[in-house]
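Below you'll find the structure, written out as structure tokens, and then a few comments.
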Amino acid sequence: MKFRTVGRHVKESLKSLYRNGWMTFAAASAVTVTLILVSVFFSILINMNKLASDVENDVQINVHISLGANQKQEDELKAEIEKVSGVADVTFSSKDQQLKKLVGAYGKNFELFKQDNPLHDVFVVQAKEPEQTKKVATKIEKLKHVDDAEYGEKTVDNLFNTLKWARYAGVILSIGLLLTAMFLISNTIKIAIFSRRREIEIMKLVGATNWFIRWPFILEGAWLGLIGSIIPVILTFVGYINTYNLVNPKLATTSLSLLPPTPFAYELSALIILIGVLIGIWGSTISIRRFLKV
């Protein structure tokens, strides 16, 4: 395609947007509303996935060391645990530290045990992959001088299953939302093209090729997608930064956190623009096909 022809198509597509102002407004509005929904949903979905990963990575195995084990035996046990396949990190926590945690979590009633602490020294073990936690705990339990390797089996298994199904649901809802967006936007563009069917028929009758007619409409769809993505991008930046500043400090006391605005807001904005332009092009391409059969 010659540069002059490309310039002509770009010029025609912009003129057409101006000439058909109300239809341009309607189509761009449909894109805007749809992309706002896409932006909000993606922000929630991606951050839920991040929080789910944080929860999974926070799962630890508490290895209770036998009360009769001496320092040498504890050191040997630590070395054996570190050799177990799937272990990422091993940290020692004395029975006094364990008691402090109980007092901090459940109140001063546990201070009665300070004189005669019945708790075990513990190795806190982190698995390389959260899904390996159960397998790693089972291997560690078989080692000498281990009384128990506890990780809240039922709770953790239920948690992993819930997170797995939540991710599946998120993917299905994302696909559903994108298909809905494509349907709404393509139908709006179809109405806009329908109002100009006589213009297309005349161009066909005077000998214009299908692609010569098609290109201005394809570019017009791209412009509509781009224009319609402006407000969603602004709302994404402003909305996400404010949400992050409001919510993240409240998560500071936990191991959870939202994705930082940089680069997430930029990446999401780029994705929204790309989705808008691609759906605009797709909508125009599909919608104009039937009007080229003269």
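Ordering of the structure tokens sets the chain letters (A, B, ...), residue numbers begin anew at 1 in every chain, and ligands are numbered from 1 in the order given.
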Give me, as a tab-separated table, the closest atom pair and its distance (Å, one decimal) for every residue of region 125-243 of chain A within a cut-off of 8 Å of region 266-275 of chain A, counting only C-alpha atoms, rows sorted by chain and rising number.
residue	atom	partner	partner_atom	distance
A:Gly225	CA	A:Ile273	CA	7.3
A:Leu226	CA	A:Ile273	CA	6.1
A:Ser229	CA	A:Ile273	CA	5.5
A:Ile230	CA	A:Ile273	CA	7.8
A:Pro232	CA	A:Ile272	CA	7.6
A:Val233	CA	A:Ser269	CA	5.2
A:Thr236	CA	A:Ser269	CA	6.8
A:Phe237	CA	A:Ser269	CA	7.7
Based on the selection just made, write N, CA, C and O atoms of those residues as a CSV table (one decimal), in the first residue's frame.
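Produced file out_5.csv, reproduced below:
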chain,number,residue,atom,x,y,z
A,225,GLY,N,-11.7,2.9,19.4
A,225,GLY,CA,-11.2,2.1,20.6
A,225,GLY,C,-10.2,3.0,21.4
A,225,GLY,O,-10.2,3.0,22.6
A,226,LEU,N,-9.4,3.8,20.6
A,226,LEU,CA,-8.4,4.7,21.3
A,226,LEU,C,-9.1,5.8,22.1
A,226,LEU,O,-8.8,6.0,23.2
A,229,SER,N,-10.8,4.6,25.2
A,229,SER,CA,-9.9,4.1,26.3
A,229,SER,C,-9.4,5.2,27.1
A,229,SER,O,-8.7,5.0,28.2
A,230,ILE,N,-9.5,6.5,26.7
A,230,ILE,CA,-8.9,7.6,27.4
A,230,ILE,C,-9.5,7.7,28.8
A,230,ILE,O,-8.7,7.8,29.8
A,232,PRO,N,-11.2,5.5,30.7
A,232,PRO,CA,-10.8,4.3,31.5
A,232,PRO,C,-9.4,4.4,32.0
A,232,PRO,O,-9.1,4.0,33.1
A,233,VAL,N,-8.4,4.8,31.1
A,233,VAL,CA,-7.0,4.9,31.5
A,233,VAL,C,-6.9,6.0,32.6
A,233,VAL,O,-6.1,5.7,33.6
A,236,THR,N,-8.3,4.5,35.7
A,236,THR,CA,-7.4,3.5,36.2
A,236,THR,C,-6.3,4.0,37.1
A,236,THR,O,-6.0,3.6,38.2
A,237,PHE,N,-5.6,5.1,36.5
A,237,PHE,CA,-4.5,5.7,37.3
A,237,PHE,C,-5.0,6.3,38.6
A,237,PHE,O,-4.5,6.0,39.7
> Taking into account only C-alpha atoms, which residue in the set A:Phe42, A:Ile218, A:Ala137, A:Leu37 is nearest to Val171 (chain A)?
Replying inline: A:Phe42
>> Give me, as a ChimeraX atom specification, the residues of region 91-275 of chain A that a backbone DSSP run labels alpha helix (DSSP H).
In response: /A:95-106,133-141,153-194,197-205,210-228,230-247,261-275
Writer output for current selection, C-alpha atoms, as a tab-separated table (two decimals), in the first residue's frame:
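Output below, filename again_37.tsv:
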chain	number	residue	atom	x	y	z
A	95	LYS	CA	10.23	-22.39	73.13
A	96	ASP	CA	10.47	-18.97	74.83
A	97	GLN	CA	9.86	-17.25	71.48
A	98	GLN	CA	6.93	-19.59	70.85
A	99	LEU	CA	5.45	-18.65	74.25
A	100	LYS	CA	5.80	-14.93	73.44
A	101	LYS	CA	3.85	-15.51	70.23
A	102	LEU	CA	1.08	-17.25	72.16
A	103	VAL	CA	0.92	-14.44	74.72
A	104	GLY	CA	0.80	-11.88	71.90
A	105	ALA	CA	-1.94	-13.75	70.07
A	106	TYR	CA	-4.14	-14.99	72.92
A	133	THR	CA	3.99	-28.08	51.90
A	134	LYS	CA	2.17	-31.34	52.65
A	135	LYS	CA	4.82	-33.51	50.96
A	136	VAL	CA	7.67	-31.70	52.76
A	137	ALA	CA	5.91	-32.00	56.15
A	138	THR	CA	5.40	-35.75	55.64
A	139	LYS	CA	9.14	-36.25	54.90
A	140	ILE	CA	10.25	-34.16	57.89
A	141	GLU	CA	7.94	-36.03	60.30
A	153	GLU	CA	-3.34	-29.57	57.25
A	154	LYS	CA	-7.13	-29.24	56.84
A	155	THR	CA	-7.08	-25.44	56.83
A	156	VAL	CA	-4.21	-25.25	54.33
A	157	ASP	CA	-5.69	-27.91	52.02
A	158	ASN	CA	-9.04	-26.09	52.05
A	159	LEU	CA	-7.23	-22.79	51.42
A	160	PHE	CA	-5.31	-24.13	48.41
A	161	ASN	CA	-8.49	-25.67	46.93
A	162	THR	CA	-10.43	-22.43	47.43
A	163	LEU	CA	-7.68	-20.34	45.83
A	164	LYS	CA	-7.39	-22.77	42.91
A	165	TRP	CA	-11.12	-22.59	42.14
A	166	ALA	CA	-11.15	-18.82	42.67
A	167	ARG	CA	-8.44	-18.49	39.99
A	168	TYR	CA	-10.39	-20.72	37.59
A	169	ALA	CA	-13.52	-18.63	38.20
A	170	GLY	CA	-11.51	-15.45	37.60
A	171	VAL	CA	-10.23	-16.71	34.24
A	172	ILE	CA	-13.74	-17.75	33.13
A	173	LEU	CA	-15.23	-14.41	34.20
A	174	SER	CA	-12.41	-12.55	32.39
A	175	ILE	CA	-13.12	-14.40	29.14
A	176	GLY	CA	-16.85	-13.80	29.59
A	177	LEU	CA	-16.33	-10.08	30.20
A	178	LEU	CA	-14.08	-9.71	27.13
A	179	LEU	CA	-16.59	-11.56	24.94
A	180	THR	CA	-19.36	-9.30	26.26
A	181	ALA	CA	-17.19	-6.26	25.53
A	182	MET	CA	-16.56	-7.48	21.98
A	183	PHE	CA	-20.29	-8.08	21.44
A	184	LEU	CA	-21.38	-4.67	22.77
A	185	ILE	CA	-18.72	-2.70	20.92
A	186	SER	CA	-19.08	-4.58	17.61
A	187	ASN	CA	-22.86	-4.11	17.67
A	188	THR	CA	-22.49	-0.38	18.33
A	189	ILE	CA	-20.01	-0.08	15.43
A	190	LYS	CA	-22.34	-2.18	13.27
A	191	ILE	CA	-25.13	0.35	13.83
A	192	ALA	CA	-22.74	3.17	12.89
A	193	ILE	CA	-21.73	1.39	9.67
A	194	PHE	CA	-25.35	0.47	8.87
A	197	ARG	CA	-24.50	1.52	3.89
A	198	ARG	CA	-25.52	3.65	0.87
A	199	GLU	CA	-22.08	5.29	0.92
A	200	ILE	CA	-20.48	1.83	0.80
A	201	GLU	CA	-22.81	0.69	-2.01
A	202	ILE	CA	-21.94	3.74	-4.13
A	203	MET	CA	-18.19	3.15	-3.63
A	204	LYS	CA	-18.63	-0.48	-4.70
A	205	LEU	CA	-20.62	0.52	-7.79
A	210	ASN	CA	-13.18	-4.26	-0.89
A	211	TRP	CA	-9.94	-3.38	0.89
A	212	PHE	CA	-10.06	0.23	-0.35
A	213	ILE	CA	-13.48	0.55	1.29
A	214	ARG	CA	-12.53	-1.52	4.33
A	215	TRP	CA	-9.39	0.35	5.47
A	216	PRO	CA	-11.03	3.66	6.51
A	217	PHE	CA	-13.59	1.72	8.56
A	218	ILE	CA	-10.88	-0.41	10.19
A	219	LEU	CA	-8.94	2.74	11.10
A	220	GLU	CA	-12.16	4.32	12.30
A	221	GLY	CA	-12.69	1.34	14.63
A	222	ALA	CA	-9.13	1.75	15.93
A	223	TRP	CA	-9.74	5.48	16.58
A	224	LEU	CA	-13.00	4.66	18.42
A	225	GLY	CA	-11.15	2.13	20.58
A	226	LEU	CA	-8.40	4.66	21.31
A	227	ILE	CA	-10.83	7.50	22.11
A	228	GLY	CA	-12.97	5.19	24.23
A	230	ILE	CA	-8.93	7.63	27.37
A	231	ILE	CA	-11.37	7.92	30.29
A	232	PRO	CA	-10.80	4.32	31.52
A	233	VAL	CA	-7.03	4.94	31.52
A	234	ILE	CA	-7.42	8.15	33.56
A	235	LEU	CA	-9.78	6.40	36.00
A	236	THR	CA	-7.38	3.45	36.23
A	237	PHE	CA	-4.50	5.72	37.27
A	238	VAL	CA	-6.43	7.91	39.69
A	239	GLY	CA	-8.64	5.13	41.07
A	240	TYR	CA	-5.89	2.56	41.57
A	241	ILE	CA	-3.41	4.97	43.18
A	242	ASN	CA	-6.09	6.18	45.64
A	243	THR	CA	-7.19	2.60	46.38
A	244	TYR	CA	-3.59	1.54	46.94
A	245	ASN	CA	-2.93	4.44	49.32
A	246	LEU	CA	-6.11	3.64	51.24
A	247	VAL	CA	-5.92	-0.15	51.45
A	261	PRO	CA	0.94	1.43	41.25
A	262	THR	CA	4.24	1.51	39.35
A	263	PRO	CA	4.45	-0.39	37.06
A	264	PHE	CA	1.00	-2.03	37.52
A	265	ALA	CA	-1.12	1.05	36.62
A	266	TYR	CA	1.02	1.66	33.50
A	267	GLU	CA	0.79	-1.98	32.41
A	268	LEU	CA	-2.97	-2.11	32.99
A	269	SER	CA	-3.45	1.19	31.11
A	270	ALA	CA	-1.46	-0.14	28.14
A	271	LEU	CA	-3.58	-3.31	28.20
A	272	ILE	CA	-6.82	-1.29	28.27
A	273	ILE	CA	-5.69	0.81	25.26
A	274	LEU	CA	-4.65	-2.34	23.37
A	275	ILE	CA	-7.97	-4.08	24.12
> Of the residues A:Gly7, A:Gly68, A:Pro118, A:Pro130, which is the one nearest to Val55 (chain A), using only C-alpha atoms?
Replying inline: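 Once distances to Val55 (chain A) are computed over only C-alpha atoms, the minimum belongs to A:Pro130.
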> Between A:Leu259, A:Thr209, A:Leu119, A:Arg290, which is the closest to Ile46 (chain A) once you count only C-alpha atoms?
Replying inline: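 Looking only at the distances to Ile46 (chain A), the closest residue turns out to be A:Leu259.
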>> From a backbone DSSP assignment, name each residue in region 2-225 of chain A labelled strand (DSSP E), as number ranges by chain.
In response: A: 61-65, 87-93, 122-127, 146-150
>> Would you pick out the contacts of region 86-93 of chain A at 6 Å or less, using only C-alpha atoms, so that residues sharing its chain but fewer than 4 positions from it are not included, and give the list as a PyMOL selection string?
In response: chain A and resi 122-128
Store the residues picked out above, limited to C-alpha atoms, as a PDB file, in the first residue's frame.
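Output file part26.pdb follows:
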ATOM      1  CA  VAL A 122      10.658 -25.312  66.792  1.00  0.00           C
ATOM      2  CA  PHE A 123      12.158 -25.206  63.312  1.00  0.00           C
ATOM      3  CA  VAL A 124       9.984 -23.021  61.075  1.00  0.00           C
ATOM      4  CA  VAL A 125      10.233 -24.459  57.558  1.00  0.00           C
ATOM      5  CA  GLN A 126       9.225 -22.726  54.326  1.00  0.00           C
ATOM      6  CA  ALA A 127       8.589 -24.870  51.239  1.00  0.00           C
ATOM      7  CA  LYS A 128       9.891 -23.744  47.848  1.00  0.00           C
TER       8      LYS A 128
END
